[in-house]
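A.B. asks: File name query-v7.cif; file contents mmCIF, C-alpha atoms and all ligand atoms; full text below.
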```cif
data_data
loop_
_atom_site.label_atom_id
_atom_site.label_comp_id
_atom_site.auth_asym_id
_atom_site.auth_seq_id
_atom_site.Cartn_x
_atom_site.Cartn_y
_atom_site.Cartn_z
CA MET G 1 68.67 -55.00 -49.80
CA VAL G 2 64.88 -55.11 -50.09
CA GLU G 3 64.43 -51.56 -48.85
CA ALA G 4 66.62 -50.25 -51.69
CA SER G 5 64.39 -51.73 -54.45
CA PRO G 6 62.46 -49.05 -56.32
CA ILE G 7 58.70 -48.82 -56.04
CA GLU G 8 56.91 -49.28 -59.38
CA HIS G 9 53.52 -48.04 -60.46
CA LEU G 10 52.09 -51.32 -61.80
CA GLY G 11 50.09 -51.47 -65.03
CA PRO G 12 48.23 -54.30 -66.78
CA THR G 13 51.49 -55.86 -68.08
CA ARG G 14 52.36 -56.82 -64.46
CA LEU G 15 49.21 -58.90 -63.95
CA ASP G 16 51.01 -62.28 -63.90
CA ALA G 17 53.49 -61.11 -61.27
CA LEU G 18 50.69 -59.68 -59.16
CA VAL G 19 48.63 -62.88 -59.40
CA ALA G 20 51.70 -64.91 -58.34
CA LEU G 21 52.17 -62.68 -55.27
CA GLU G 22 48.55 -62.33 -54.12
CA PRO G 23 46.87 -65.62 -53.11
CA THR G 24 43.69 -64.15 -51.63
CA ARG G 25 42.22 -62.12 -54.52
CA SER G 26 41.02 -63.36 -57.90
CA HIS G 27 42.76 -62.89 -61.25
CA ASP G 28 39.78 -60.85 -62.51
CA ILE G 29 39.72 -58.50 -59.54
CA LEU G 30 43.47 -57.88 -59.83
CA ALA G 31 43.19 -57.30 -63.61
CA CYS G 32 40.41 -54.80 -63.00
CA GLU G 33 42.45 -53.03 -60.31
CA LEU G 34 45.47 -52.66 -62.63
CA ALA G 35 43.29 -51.17 -65.38
CA GLN G 36 41.23 -48.83 -63.20
CA GLU G 37 41.68 -45.11 -63.83
CA ASP G 38 40.80 -44.11 -60.30
CA ALA G 39 43.28 -46.45 -58.60
CA ARG G 40 47.05 -46.89 -58.37
CA VAL G 41 48.78 -50.18 -57.68
CA PHE G 42 52.31 -49.89 -56.30
CA GLY G 43 54.69 -52.85 -56.36
CA ILE G 44 58.16 -53.60 -55.14
CA GLY G 45 60.46 -56.39 -56.32
CA GLY G 46 62.67 -57.49 -59.18
CA ASN G 47 62.06 -57.56 -62.94
CA GLU G 48 59.90 -60.66 -62.99
CA ARG G 49 58.77 -61.11 -59.40
CA LEU G 50 57.03 -58.87 -56.95
CA ILE G 51 57.53 -59.17 -53.19
CA GLY G 52 54.88 -56.68 -52.14
CA TYR G 53 52.11 -54.45 -53.42
CA ALA G 54 49.55 -51.91 -52.29
CA THR G 55 46.46 -50.52 -54.02
CA VAL G 56 44.91 -47.13 -53.35
CA ALA G 57 41.64 -45.88 -54.82
CA ARG G 58 40.62 -42.26 -55.41
CA LEU G 59 37.20 -41.52 -53.90
CA PRO G 60 35.38 -38.18 -54.28
CA PHE G 61 36.97 -36.54 -51.20
CA GLU G 62 39.15 -39.25 -49.73
CA ALA G 63 41.45 -42.04 -50.79
CA GLU G 64 41.14 -45.64 -49.65
CA LEU G 65 43.82 -48.27 -49.16
CA GLN G 66 42.24 -51.32 -50.79
CA ALA G 67 45.04 -53.85 -50.30
CA ILE G 68 48.56 -54.21 -48.98
CA LEU G 69 50.54 -57.43 -48.87
CA VAL G 70 54.17 -58.47 -48.51
CA ALA G 71 55.37 -62.02 -49.31
CA GLU G 72 56.13 -63.87 -46.07
CA PRO G 73 59.92 -64.22 -46.46
CA TYR G 74 60.26 -60.45 -46.87
CA ARG G 75 58.19 -59.30 -43.90
CA ARG G 76 59.58 -57.14 -41.07
CA GLN G 77 62.09 -55.50 -43.41
CA GLY G 78 60.24 -52.23 -43.97
CA VAL G 79 58.62 -53.20 -47.30
CA ALA G 80 55.03 -52.42 -46.29
CA ARG G 81 56.12 -49.18 -44.73
CA CYS G 82 57.72 -48.09 -48.08
CA LEU G 83 54.58 -49.09 -49.99
CA LEU G 84 52.30 -47.26 -47.58
CA GLU G 85 54.45 -44.15 -47.78
CA ALA G 86 54.06 -44.25 -51.60
CA VAL G 87 50.29 -44.60 -51.14
CA ILE G 88 50.24 -41.58 -48.80
CA VAL G 89 52.22 -39.48 -51.32
CA GLN G 90 49.74 -40.50 -54.05
CA ALA G 91 46.72 -39.60 -51.90
CA ARG G 92 48.30 -36.21 -51.16
CA ASP G 93 48.97 -35.68 -54.90
CA TRP G 94 45.27 -36.30 -55.49
CA GLU G 95 44.61 -33.64 -52.82
CA ARG G 96 42.37 -35.99 -50.84
CA GLU G 97 41.43 -35.06 -47.27
CA ARG G 98 42.03 -38.44 -45.63
CA LEU G 99 43.35 -41.91 -46.37
CA LEU G 100 40.87 -44.54 -45.20
CA LEU G 101 41.19 -48.29 -44.62
CA GLU G 102 39.46 -51.27 -43.04
CA VAL G 103 41.29 -54.01 -41.18
CA ARG G 104 40.41 -57.19 -39.30
CA ALA G 105 40.46 -56.46 -35.57
CA GLY G 106 42.78 -59.45 -35.05
CA ASN G 107 45.35 -58.49 -37.70
CA VAL G 108 48.13 -57.59 -35.26
CA ALA G 109 50.80 -56.93 -37.90
CA ALA G 110 48.64 -54.65 -40.05
CA LEU G 111 47.29 -52.74 -37.04
CA ALA G 112 50.81 -52.13 -35.75
CA LEU G 113 51.89 -50.92 -39.21
CA TYR G 114 48.95 -48.52 -39.55
CA ARG G 115 49.33 -47.11 -36.04
CA ARG G 116 53.04 -46.66 -36.62
CA LEU G 117 52.26 -44.51 -39.66
CA GLY G 118 49.76 -42.39 -37.76
CA PHE G 119 46.37 -43.93 -38.60
CA VAL G 120 43.70 -43.64 -35.91
CA GLN G 121 40.61 -45.73 -35.37
CA ASP G 122 37.32 -44.05 -36.35
CA GLY G 123 34.89 -46.92 -35.93
CA ARG G 124 34.20 -50.63 -35.77
CA ARG G 125 31.86 -52.86 -37.82
CA SER G 126 30.79 -55.76 -35.67
CA ARG G 127 31.27 -59.27 -37.15
CA TYR G 128 31.95 -57.77 -40.61
CA TYR G 129 34.51 -60.27 -41.93
CA PRO G 130 33.74 -63.95 -42.60
CA PRO G 131 35.63 -66.54 -40.50
CA MET G 132 39.28 -67.10 -41.50
CA GLY G 133 38.96 -70.88 -41.27
CA ALA G 134 37.12 -73.82 -39.72
CA GLY G 135 36.50 -73.28 -36.01
CA SER G 136 36.95 -69.51 -36.12
CA SER G 137 34.09 -67.00 -35.99
CA ARG G 138 33.26 -63.81 -37.83
CA GLU G 139 35.59 -60.93 -37.06
CA ASP G 140 35.05 -57.20 -36.47
CA ALA G 141 36.38 -54.65 -38.95
CA LEU G 142 38.19 -51.61 -37.60
CA LEU G 143 37.79 -48.43 -39.66
CA MET G 144 40.91 -46.28 -39.61
CA SER G 145 42.00 -43.02 -41.21
CA LEU G 146 45.01 -40.78 -41.66
CA PRO G 147 44.38 -37.03 -42.09
CA LEU G 148 46.30 -35.68 -45.10
CA GLY G 149 45.86 -31.95 -44.61
C1 LIG D 1 50.77 -56.35 -42.63
C2 LIG D 1 51.97 -56.56 -43.57
C3 LIG D 1 51.63 -55.91 -44.92
C4 LIG D 1 53.22 -55.86 -42.96
O1 LIG D 1 54.27 -55.97 -43.90
P1 LIG D 1 55.81 -55.83 -43.49
O2 LIG D 1 56.59 -55.53 -44.71
O3 LIG D 1 56.21 -57.00 -42.69
O4 LIG D 1 55.78 -54.54 -42.53
P2 LIG D 1 57.04 -53.59 -42.21
O5 LIG D 1 58.27 -54.42 -42.11
O6 LIG D 1 57.06 -52.45 -43.18
O7 LIG D 1 56.63 -53.08 -40.76
C5 LIG D 1 56.56 -51.70 -40.41
C6 LIG D 1 56.11 -51.63 -38.94
O8 LIG D 1 54.84 -52.24 -38.78
C7 LIG D 1 54.80 -52.96 -37.54
N1 LIG D 1 54.69 -54.41 -37.78
C8 LIG D 1 54.72 -55.04 -38.98
N2 LIG D 1 54.53 -56.37 -38.80
C9 LIG D 1 54.39 -56.57 -37.49
C10 LIG D 1 54.17 -57.74 -36.69
N3 LIG D 1 54.09 -58.96 -37.24
N4 LIG D 1 54.04 -57.60 -35.36
C11 LIG D 1 54.12 -56.38 -34.79
N5 LIG D 1 54.35 -55.23 -35.48
C12 LIG D 1 54.47 -55.33 -36.82
C13 LIG D 1 56.10 -52.64 -36.84
O9 LIG D 1 55.92 -51.44 -36.11
C14 LIG D 1 57.03 -52.41 -38.02
O10 LIG D 1 58.16 -51.64 -37.72
P3 LIG D 1 59.46 -52.39 -37.07
O11 LIG D 1 59.72 -53.64 -37.86
O12 LIG D 1 60.51 -51.33 -37.20
O13 LIG D 1 59.06 -52.69 -35.66
C15 LIG D 1 52.30 -58.07 -43.75
O14 LIG D 1 52.36 -58.68 -42.47
C16 LIG D 1 51.31 -58.82 -44.62
O15 LIG D 1 51.46 -58.86 -45.86
N6 LIG D 1 50.26 -59.44 -44.02
C17 LIG D 1 49.27 -60.21 -44.79
C18 LIG D 1 48.37 -59.28 -45.59
C19 LIG D 1 47.62 -58.32 -44.67
O16 LIG D 1 47.20 -58.65 -43.58
N7 LIG D 1 47.40 -57.09 -45.19
C20 LIG D 1 46.69 -56.06 -44.46
C21 LIG D 1 45.23 -56.16 -44.78
S1 LIG D 1 44.30 -54.85 -43.97
#
```
For this file, write the structure as structure tokens.

C.D. replies:
Amino acid sequence: MVEASPIEHLGPTRLDALVALEPTRSHDILACELAQEDARVFGIGGNERLIGYATVARLPFEAELQAILVAEPYRRQGVARCLLEAVIVQARDWERERLLLEVRAGNVAALALYRRLGFVQDGRRSRYYPPMGAGSSREDALLMSLPLG
């Protein structure tokens, strides 16, 4: 019953659980994110473990989704959708005009999620992301937004 788990607003005491969940970002960056005044980190999971999280930052007029990740065994069960809905509610509470994000052009799952929730593409940064691994090349970033008005 993953979808029934409550969404938490994570603070610095949840750093270990967040580090265990997120393999791609450093301990220091995650610690900074949890302590930041102008950001909210939402998590979903049990007491000790987390199975997904999303971070949103408050910018002067807009909000920006900085990260969203769900542990592989729990994907396609609506977890990211719940997290993103919490992010959207937060951005509306901040009275921001739009929720912005950047995504790799080849990230099929994330693109499908964002389109499903109403994000539209505003632009593209050519060859913005470094290669994912040996033999692959740099990848474009798609810039997307969701109006919150
Ligand atoms: C992208 C990611 C967060 C999606 O998490 P998730 O919990 O599996 O997504 P959900 O189950 O909430 O999916 C909601 C909708 O998004 C779309 N979607 C999600 N994953 C998809 C996939 N692999 N293929 C196609 N559509 C997908 C579907 O429309 C889905 O609704 P449906 O299952 O009813 O069809 C997850 O794949 C992930 O953690 N990826 C690695 C990290 C990442 O790429 N983050 C984004 C960085 S910009």

A.B. asks: Stretch 122-139 of chain G, all listed atoms, 6 Å padding on each side: what axis-aligned box centre and edge lengths in Å to one decimal come out, as JSON?

C.D. replies:
```
{"center_x": 35.0, "center_y": -58.9, "center_z": -39.1, "size_x": 20.5, "size_y": 41.8, "size_z": 18.9}
```

A.B. asks: Could you give me, as a PyMOL selection string, the residues within 7 Å of stretch 104-113 of chain G, counting only C-alpha atoms and dropping anything in the same chain fewer than 5 positions from it?

C.D. replies: chain G and resi 139-142

A.B. asks: Within 9 Å of ligand LIG 1 (chain D), counting all atoms listed in the file: which residues, as a PyMOL selection string?

C.D. replies: chain G and resi 52-54+65-84+101-104+107-117

A.B. asks: Measure the distance from atom CA of G:Leu99 to atom CA of G:Arg25 in Å and round it to one decimal.

C.D. replies: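 Straight-line distance from atom CA of G:Leu99 to atom CA of G:Arg25 works out to 21.8 Å.
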
A.B. asks: Within 9 Å of G:Ala39, counting all atoms listed in the file, which residues qualify if same-chain residues fewer than 6 places away don't, as a ChimeraX atom specification?

C.D. replies: /G:33,55-58

A.B. asks: Between atom CA of G:Phe61 and atom CA of G:Arg96, what distance in Å does the model show, to one decimal?

C.D. replies: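 Computing it gives 5.4 Å between the two atoms.
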
A.B. asks: Can you tell me how far atom CA of G:Asp93 sits from atom CA of G:Leu18, in Å to one decimal?

C.D. replies: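 These atoms are spaced 24.4 Å apart.
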
A.B. asks: Restricting the calculation to all atoms listed in the file: of G:Gly118, G:Gly123, G:Pro60, G:Gly11, which residue gets closest to G:Ile88?

C.D. replies: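 Of G:Gly118, G:Gly123, G:Pro60, G:Gly11, the one nearest G:Ile88, counting all atoms listed in the file, is G:Gly118.
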
A.B. asks: Can you list, as a CSV table (one decimal) with C-alpha atoms, keeping the file's coordinate frame, every protein, DNA or RNA residue that comes within 8 Å of G:Ala31 when you count all atoms listed in the file, leaving out same-chain residues fewer than 3 positions away?

C.D. replies:
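out20.csv written:
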```csv
chain,number,residue,atom,x,y,z
G,12,PRO,CA,48.2,-54.3,-66.8
G,15,LEU,CA,49.2,-58.9,-64.0
G,27,HIS,CA,42.8,-62.9,-61.2
G,28,ASP,CA,39.8,-60.8,-62.5
G,34,LEU,CA,45.5,-52.7,-62.6
G,35,ALA,CA,43.3,-51.2,-65.4
```

A.B. asks: Using only C-alpha atoms, which protein or nucleic acid residues come within 7 Å of G:His9? Drop anything in the same chain fewer than 3 positions from it, and give the result as a PyMOL selection string.

C.D. replies: chain G and resi 40-43

A.B. asks: Using all atoms listed in the file, pick whichever of G:Val87, G:Leu143, G:Leu50, G:Ile7 has the shortest atom-to-atom distance to G:Glu22.

C.D. replies: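 Comparing G:Val87, G:Leu143, G:Leu50, G:Ile7 against G:Glu22, the winner is G:Leu50.
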